[in-house]
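Engineer: So that you have it, the file is work39.tsv, and it contains TSV, C-alpha atoms:
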```tsv
chain	number	residue	atom	x	y	z
A	1448	MET	CA	7.41	16.98	-59.04
A	1449	ASN	CA	7.36	13.47	-57.60
A	1450	LYS	CA	10.02	13.46	-54.92
A	1451	ASN	CA	9.40	9.90	-53.81
A	1452	VAL	CA	10.44	8.00	-56.90
A	1453	PRO	CA	10.34	4.21	-56.28
A	1454	PHE	CA	13.69	2.77	-55.38
A	1455	ALA	CA	15.00	-0.76	-55.08
A	1456	LEU	CA	18.15	-1.71	-53.27
A	1457	SER	CA	19.95	-3.73	-55.30
A	1458	PHE	CA	24.99	-4.34	-52.54
A	1459	VAL	CA	29.86	-26.65	-61.21
A	1460	LEU	CA	30.05	-29.39	-59.23
A	1461	VAL	CA	32.21	-31.82	-61.19
A	1462	ALA	CA	31.96	-35.42	-60.09
A	1463	VAL	CA	35.23	-37.26	-60.42
A	1464	VAL	CA	35.78	-40.99	-60.21
A	1465	VAL	CA	39.36	-41.96	-59.42
A	1466	LEU	CA	40.24	-45.44	-60.65
A	1467	LEU	CA	43.19	-47.05	-58.94
A	1468	ALA	CA	44.14	-49.79	-61.36
A	1469	GLY	CA	45.49	-52.91	-59.70
A	1470	CYS	CA	45.18	-51.43	-56.19
A	1471	ALA	CA	42.66	-52.54	-53.59
A	1472	THR	CA	43.62	-50.04	-50.86
A	1473	VAL	CA	43.45	-46.24	-50.63
A	1474	ASP	CA	46.70	-44.33	-50.43
A	1475	ASN	CA	46.04	-42.13	-47.37
A	1476	ASN	CA	48.99	-39.86	-48.10
A	1477	ALA	CA	47.73	-39.22	-51.63
A	1478	SER	CA	44.26	-38.56	-50.27
A	1479	GLY	CA	45.65	-36.07	-47.78
A	1480	ASP	CA	47.66	-34.32	-50.47
A	1481	LEU	CA	44.56	-33.96	-52.63
A	1482	LYS	CA	42.65	-32.40	-49.75
A	1483	LYS	CA	45.43	-29.89	-49.14
A	1484	ALA	CA	45.59	-29.08	-52.84
A	1485	SER	CA	41.82	-28.65	-52.86
A	1486	GLU	CA	41.98	-26.19	-49.97
A	1487	LEU	CA	44.70	-24.20	-51.74
A	1488	ASN	CA	42.78	-24.04	-55.01
A	1489	ALA	CA	39.60	-22.99	-53.20
A	1490	GLU	CA	41.42	-20.08	-51.57
A	1491	LEU	CA	43.04	-19.12	-54.86
A	1492	GLY	CA	39.65	-19.22	-56.53
A	1493	LYS	CA	38.24	-16.91	-53.90
A	1494	GLN	CA	41.08	-14.44	-54.37
A	1495	TYR	CA	40.69	-14.44	-58.14
A	1496	MET	CA	36.98	-13.81	-57.71
A	1497	VAL	CA	37.68	-10.83	-55.44
A	1498	GLN	CA	40.01	-9.49	-58.15
A	1499	GLY	CA	37.28	-9.88	-60.75
A	1500	ARG	CA	39.14	-12.59	-62.67
A	1501	MET	CA	36.08	-14.74	-62.95
A	1502	GLU	CA	37.20	-17.30	-65.55
A	1503	VAL	CA	40.32	-18.32	-63.66
A	1504	ALA	CA	38.35	-18.23	-60.40
A	1505	LEU	CA	35.88	-20.75	-61.79
A	1506	PHE	CA	38.73	-22.95	-63.05
A	1507	LYS	CA	40.37	-23.02	-59.61
A	1508	LEU	CA	37.14	-23.64	-57.73
A	1509	GLU	CA	36.07	-26.47	-60.02
A	1510	LYS	CA	39.53	-27.97	-59.68
A	1511	ALA	CA	39.22	-27.77	-55.90
A	1512	LEU	CA	36.04	-29.83	-56.06
A	1513	ARG	CA	37.59	-32.37	-58.41
A	1514	GLN	CA	40.33	-32.83	-55.84
A	1515	ASN	CA	37.88	-33.03	-52.94
A	1516	PRO	CA	34.12	-33.04	-53.65
A	1517	ASP	CA	33.47	-32.61	-49.91
A	1518	ASN	CA	35.39	-29.33	-49.59
A	1519	GLY	CA	32.76	-27.16	-47.93
A	1520	GLN	CA	34.56	-23.88	-48.54
A	1521	ALA	CA	34.95	-24.69	-52.25
A	1522	HIS	CA	31.17	-25.13	-52.41
A	1523	HIS	CA	30.76	-21.87	-50.48
A	1524	TYR	CA	32.98	-19.91	-52.85
A	1525	LEU	CA	31.36	-21.49	-55.91
A	1526	ALA	CA	27.98	-20.44	-54.53
A	1527	GLU	CA	29.28	-16.89	-54.28
A	1528	PHE	CA	30.67	-17.15	-57.81
A	1529	TYR	CA	27.32	-18.18	-59.24
A	1530	ARG	CA	25.51	-15.54	-57.18
A	1531	ARG	CA	27.74	-12.89	-58.75
A	1532	VAL	CA	27.09	-14.13	-62.28
A	1533	ASP	CA	23.33	-14.33	-61.61
A	1534	ASP	CA	22.94	-18.09	-61.78
A	1535	ALA	CA	20.62	-18.49	-58.80
A	1536	LYS	CA	19.97	-22.20	-59.34
A	1537	LYS	CA	23.63	-23.21	-59.18
A	1538	ALA	CA	24.31	-20.73	-56.37
A	1539	ASP	CA	21.58	-22.31	-54.27
A	1540	GLU	CA	22.84	-25.84	-55.01
A	1541	HIS	CA	26.33	-25.01	-53.79
A	1542	PHE	CA	25.10	-23.03	-50.79
A	1543	ARG	CA	22.99	-26.01	-49.73
A	1544	ARG	CA	25.89	-28.44	-50.09
A	1545	ALA	CA	28.21	-26.07	-48.23
A	1546	MET	CA	25.70	-25.82	-45.37
A	1547	GLU	CA	25.53	-29.62	-45.18
A	1548	LEU	CA	29.31	-29.83	-44.91
A	1549	LEU	CA	29.82	-26.75	-42.69
A	1550	PRO	CA	26.65	-26.44	-40.57
A	1551	ASP	CA	28.36	-24.27	-37.92
A	1552	ASP	CA	30.10	-21.81	-40.26
A	1553	ALA	CA	28.62	-18.42	-39.34
A	1554	ALA	CA	30.11	-16.55	-42.31
A	1555	LEU	CA	28.59	-19.10	-44.67
A	1556	ALA	CA	25.18	-18.81	-43.00
A	1557	ASN	CA	25.33	-15.02	-43.24
A	1558	ASN	CA	26.17	-15.16	-46.96
A	1559	TYR	CA	23.49	-17.74	-47.65
A	1560	GLY	CA	20.99	-15.57	-45.79
A	1561	ALA	CA	21.88	-12.61	-48.01
A	1562	PHE	CA	21.42	-14.79	-51.10
A	1563	LEU	CA	18.05	-16.09	-49.89
A	1564	CYS	CA	16.91	-12.53	-49.30
A	1565	SER	CA	17.79	-11.67	-52.91
A	1566	GLN	CA	15.49	-14.55	-53.89
A	1567	LYS	CA	12.70	-13.11	-51.68
A	1568	LYS	CA	12.90	-16.05	-49.27
A	1569	TYR	CA	12.78	-13.68	-46.32
A	1570	ASP	CA	11.73	-16.09	-43.56
A	1571	HIS	CA	14.49	-18.58	-44.33
A	1572	ALA	CA	17.01	-15.76	-44.61
A	1573	ASN	CA	16.07	-14.32	-41.24
A	1574	ARG	CA	16.32	-17.69	-39.53
A	1575	LEU	CA	19.90	-17.92	-40.74
A	1576	PHE	CA	20.67	-14.33	-39.69
A	1577	GLN	CA	19.28	-14.98	-36.20
A	1578	ARG	CA	21.43	-18.08	-35.91
A	1579	VAL	CA	24.54	-16.06	-36.77
A	1580	LEU	CA	23.64	-13.32	-34.29
A	1581	ALA	CA	23.40	-15.99	-31.59
A	1582	ASP	CA	26.92	-17.23	-32.36
A	1583	PRO	CA	29.05	-15.96	-29.45
A	1584	VAL	CA	32.33	-15.97	-31.38
A	1585	TYR	CA	31.31	-14.53	-34.75
A	1586	ALA	CA	32.96	-11.12	-34.96
A	1587	ARG	CA	31.06	-9.46	-37.82
A	1588	LYS	CA	27.67	-8.91	-36.20
A	1589	ASP	CA	27.66	-5.47	-37.83
A	1590	GLN	CA	27.45	-7.11	-41.25
A	1591	VAL	CA	24.65	-9.39	-40.09
A	1592	HIS	CA	22.58	-6.41	-38.92
A	1593	GLU	CA	23.36	-4.66	-42.21
A	1594	ASN	CA	22.10	-7.69	-44.15
A	1595	MET	CA	19.02	-7.94	-41.97
A	1596	GLY	CA	18.27	-4.26	-42.51
A	1597	LEU	CA	18.66	-4.49	-46.26
A	1598	CYS	CA	16.56	-7.65	-46.34
A	1599	ALA	CA	13.78	-6.06	-44.27
A	1600	MET	CA	13.86	-2.99	-46.51
A	1601	GLN	CA	13.47	-5.17	-49.59
A	1602	ALA	CA	10.57	-6.96	-47.91
A	1603	GLY	CA	8.88	-3.62	-47.19
A	1604	ASN	CA	9.28	-3.81	-43.41
A	1605	ILE	CA	10.62	-0.29	-42.97
A	1606	GLY	CA	10.52	-0.19	-39.18
A	1607	LEU	CA	12.52	-3.38	-38.84
A	1608	ALA	CA	14.90	-2.20	-41.55
A	1609	GLN	CA	15.66	1.01	-39.68
A	1610	LYS	CA	16.20	-0.90	-36.42
A	1611	HIS	CA	18.82	-3.20	-37.93
A	1612	LEU	CA	20.52	-0.52	-40.03
A	1613	GLU	CA	20.91	1.70	-36.97
A	1614	ALA	CA	22.35	-1.27	-35.01
A	1615	ALA	CA	24.79	-1.97	-37.83
A	1616	LEU	CA	25.98	1.65	-37.99
A	1617	ARG	CA	26.40	1.85	-34.22
A	1618	MET	CA	28.78	-1.09	-34.46
A	1619	ASN	CA	30.56	0.16	-37.57
A	1620	HIS	CA	29.86	3.64	-38.94
A	1621	ARG	CA	31.74	2.85	-42.18
A	1622	LEU	CA	29.27	0.29	-43.50
A	1623	SER	CA	28.51	1.94	-46.80
A	1624	LYS	CA	25.50	-0.19	-47.80
A	1625	ALA	CA	23.82	0.46	-44.46
A	1626	ARG	CA	24.60	4.18	-44.71
A	1627	LEU	CA	23.14	4.45	-48.21
A	1628	ALA	CA	20.05	2.51	-47.15
A	1629	MET	CA	19.54	4.88	-44.20
A	1630	ALA	CA	19.81	7.84	-46.56
A	1631	GLN	CA	17.17	6.25	-48.79
A	1632	LEU	CA	14.86	5.60	-45.84
A	1633	ARG	CA	15.15	9.24	-44.74
A	1634	TYR	CA	14.43	10.42	-48.28
A	1635	ASP	CA	11.40	8.15	-48.69
A	1636	ARG	CA	9.95	9.51	-45.46
A	1637	GLY	CA	10.42	13.10	-46.59
A	1638	HIS	CA	13.24	13.84	-44.12
A	1639	PHE	CA	15.36	15.40	-46.83
A	1640	GLU	CA	17.97	17.18	-44.74
A	1641	ALA	CA	18.61	14.07	-42.65
A	1642	ALA	CA	18.81	12.04	-45.86
A	1643	TYR	CA	21.35	14.48	-47.29
A	1644	ILE	CA	23.51	14.22	-44.17
A	1645	GLU	CA	23.41	10.41	-44.32
A	1646	TYR	CA	24.27	10.54	-48.01
A	1647	LYS	CA	27.31	12.73	-47.41
A	1648	ARG	CA	28.48	10.23	-44.79
A	1649	PHE	CA	28.05	7.46	-47.34
A	1650	LEU	CA	30.28	9.35	-49.77
A	1651	GLU	CA	33.10	9.32	-47.21
A	1652	ALA	CA	33.39	5.52	-47.35
A	1653	GLY	CA	31.27	4.09	-50.13
A	1654	GLN	CA	31.82	3.52	-53.82
A	1655	HIS	CA	29.15	4.67	-56.22
A	1656	SER	CA	26.57	2.27	-57.58
A	1657	ALA	CA	23.55	2.92	-59.75
A	1658	ALA	CA	21.51	3.22	-56.56
A	1659	SER	CA	23.80	5.80	-54.96
A	1660	LEU	CA	24.03	7.97	-58.10
A	1661	TRP	CA	20.27	7.89	-58.48
A	1662	LEU	CA	19.70	8.93	-54.88
A	1663	GLY	CA	22.33	11.66	-55.23
A	1664	ALA	CA	20.51	13.02	-58.27
A	1665	LEU	CA	17.18	12.99	-56.41
A	1666	LEU	CA	18.60	14.67	-53.34
A	1667	GLU	CA	20.30	17.44	-55.30
A	1668	ARG	CA	17.17	17.98	-57.37
A	1669	GLN	CA	15.11	18.27	-54.20
A	1670	ARG	CA	17.55	20.86	-52.88
A	1671	GLY	CA	17.24	22.86	-56.10
A	1672	ASN	CA	20.85	22.22	-57.10
A	1673	MET	CA	20.16	21.13	-60.68
A	1674	ALA	CA	23.78	21.37	-61.80
A	1675	ALA	CA	24.81	18.75	-59.24
A	1676	ALA	CA	21.70	16.69	-59.98
A	1677	LYS	CA	22.53	16.67	-63.69
A	1678	ALA	CA	26.13	15.66	-62.93
A	1679	TYR	CA	24.89	12.62	-60.98
A	1680	ALA	CA	22.46	11.83	-63.79
A	1681	VAL	CA	25.21	11.87	-66.42
A	1682	LYS	CA	27.40	9.56	-64.33
A	1683	LEU	CA	24.47	7.19	-63.84
A	1684	LYS	CA	23.76	6.92	-67.56
A	1685	VAL	CA	27.43	6.52	-68.46
A	1686	LYS	CA	28.49	4.04	-65.77
A	1687	PHE	CA	25.25	2.04	-65.39
A	1688	PRO	CA	23.32	2.52	-68.64
A	1689	ASP	CA	21.33	-0.72	-68.31
A	1690	SER	CA	20.35	-0.29	-64.66
A	1691	SER	CA	16.74	0.15	-63.56
A	1692	GLU	CA	17.77	3.50	-62.07
A	1693	ALA	CA	19.05	4.72	-65.43
A	1694	GLN	CA	15.80	3.58	-67.04
A	1695	ARG	CA	13.76	5.56	-64.50
A	1696	LEU	CA	15.95	8.58	-65.10
A	1697	ARG	CA	15.41	8.39	-68.87
A	1698	THR	CA	11.66	8.10	-68.29
A	1699	LEU	CA	11.65	11.26	-66.18
A	1700	GLU	CA	13.77	13.09	-68.73
A	1701	ALA	CA	11.39	12.08	-71.53
A	1702	GLN	CA	8.51	13.45	-69.45
A	1703	GLY	CA	10.38	16.70	-68.85
A	1704	ARG	CA	10.47	16.04	-65.11
A	1705	PHE	CA	14.25	15.96	-64.75
```
Write out the structure in this file as structure tokens.
Structural biologist:
Amino acid sequence: MNKNVPFALSFVLVAVVVLLAGCATVDNNASGDLKKASELNAELGKQYMVQGRMEVALFKLEKALRQNPDNGQAHHYLAEFYRRVDDAKKADEHFRRAMELLPDDAALANNYGAFLCSQKKYDHANRLFQRVLADPVYARKDQVHENMGLCAMQAGNIGLAQKHLEAALRMNHRLSKARLAMAQLRYDRGHFEAAYIEYKRFLEAGQHSAASLWLGALLERQRGNMAAAKAYAVKLKVKFPDSSEAQRLRTLEAQGRF
């Protein structure tokens, strides 16, 4: 039985020309109103995106940029929108523009770093993470260490990954992605009991993903609890049938190894 099955961690700019017929001067009040409206629509777009209402989120975010093409947060939120719908090219375009407009925004830099890591641009990502860690007023250093740990794990730097994940969990023990990653690291190193303990801690705060169900199945199988392992396997195939984890599970089942 192969107990160390490979695992991978997976956690429109619209240009508008305003023609003022018969007017040679800019109405400053109108310009200010448009900027305020743009800020409001950007925040609404972000909230709709959090709710999973992606079509209306895109409408609001595009409207925000029509009202003010230099709204840095609108670019930021659009970058996140395109990251979530797997359009890396547009995500990168909006992240770059947001960074030009908001060069000192630590939350933006942290999010862009996470995106760059997903594109395997590890050096650039880590430069951004280090900049955020050096920001004396940014409050979510726990999330930065979590991102750095996940990024290092993806890059294959296990020692660095463990260092940052442990730092993240010391700051905030409820970081579910960091907890799951620590469980995976323990499992990969053959420290099965420690991995199981970390996994149970993950279950206290985290929501299941394909990765967590897969690891749960592997852990229970290793412990000889096949009923629990099969239960995780069923959930994985039902909830995430197209995931790489589900594909690996089906391969093992076809080989009679699960």
Engineer: Using all atoms listed in the file, which residue out of A:Tyr1569, A:Phe1562, A:Phe1705, A:Trp1661 lies closest to Ser1690 of chain A?
Structural biologist: A:Trp1661
Engineer: Have a look at A:Asn1573, A:Gln1601, A:Ser1565, A:Gln1654 and name the one nearest to Asp1533 of chain A; count all atoms listed in the file.
Structural biologist: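 Selected residue with least distance to Asp1533 of chain A: A:Ser1565.
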Engineer: Please identify all polymer residues within 6 Å of segment 1576-1583 of chain A, counting all atoms listed in the file, omitting same-chain residues fewer than 2 positions from it, and present them as a VMD selection string.
Structural biologist: chain A and resid 1553 1557 1573 to 1574 1585
Engineer: Grab the residues selected above and save them as a short mmCIF file (atom, residue, chain, number, x, y, z; two decimals), keeping the file's coordinate frame with C-alpha atoms.
Structural biologist:
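Here's the written file selection.cif:
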```cif
data_model
loop_
_atom_site.label_atom_id
_atom_site.label_comp_id
_atom_site.auth_asym_id
_atom_site.auth_seq_id
_atom_site.Cartn_x
_atom_site.Cartn_y
_atom_site.Cartn_z
CA ALA A 1553 28.62 -18.42 -39.34
CA ASN A 1557 25.33 -15.02 -43.24
CA ASN A 1573 16.07 -14.32 -41.24
CA ARG A 1574 16.32 -17.69 -39.53
CA TYR A 1585 31.31 -14.53 -34.75
#
```
Engineer: Please provide as a PyMOL selection string all residues within 9 Å of Lys1510 of chain A, with the sequence filter that same-chain residues fewer than 2 positions apart are discarded (counting all atoms listed in the file).
Structural biologist: chain A and resi 1461+1485+1488-1489+1505-1508+1512-1515
Engineer: Hey, can you check how far atom CA of Leu1612 of chain A sits from atom CA of Gln1669 of chain A?
Structural biologist: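 Distance between the two atoms: 24.1 Å.
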Engineer: Which residues are near Val1681 of chain A? Cut-off 10 Å, only C-alpha atoms, ignore same chain within fewer than 6 positions. Put them as a list in words.
Structural biologist: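 Answer for this query is Leu1660, Ala1664, Ala1675, Phe1687, Pro1688, Ala1693 and Leu1696 of chain A.
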Engineer: Could you write out the selected residues, including C-alpha atoms, as a short mmCIF file (atom, residue, chain, number, x, y, z; two decimals), in the frame of the given file?
Structural biologist:
```cif
data_model
loop_
_atom_site.label_atom_id
_atom_site.label_comp_id
_atom_site.auth_asym_id
_atom_site.auth_seq_id
_atom_site.Cartn_x
_atom_site.Cartn_y
_atom_site.Cartn_z
CA LEU A 1660 24.03 7.97 -58.10
CA ALA A 1664 20.51 13.02 -58.27
CA ALA A 1675 24.81 18.75 -59.24
CA PHE A 1687 25.25 2.04 -65.39
CA PRO A 1688 23.32 2.52 -68.64
CA ALA A 1693 19.05 4.72 -65.43
CA LEU A 1696 15.95 8.58 -65.10
#
```
Engineer: Report the distance between atom CA of His1611 of chain A and atom CA of Leu1632 of chain A in Å, rounded to one decimal place.
Structural biologist: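 Distance between the two atoms: 12.5 Å.
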Engineer: What are the centre and edge lengths in Å, to one decimal, of the axis-aligned box around all listed atoms of segment 1566-1584 of chain A with 5 Å added on each side, as JSON?
Structural biologist:
```
{"center_x": 22.0, "center_y": -15.8, "center_z": -41.7, "size_x": 30.6, "size_y": 15.5, "size_z": 34.4}
```
Engineer: So that I can see what lies close to Arg1621 of chain A, please list as a list in words the residues with an atom at most 8 Å from it, counting all atoms listed in the file and leaving out residues fewer than 5 positions away in the same chain.
Structural biologist: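 Near neighbours after the sequence-gap exclusion: Leu1616, Arg1626, Phe1649 and Ala1652 of chain A.
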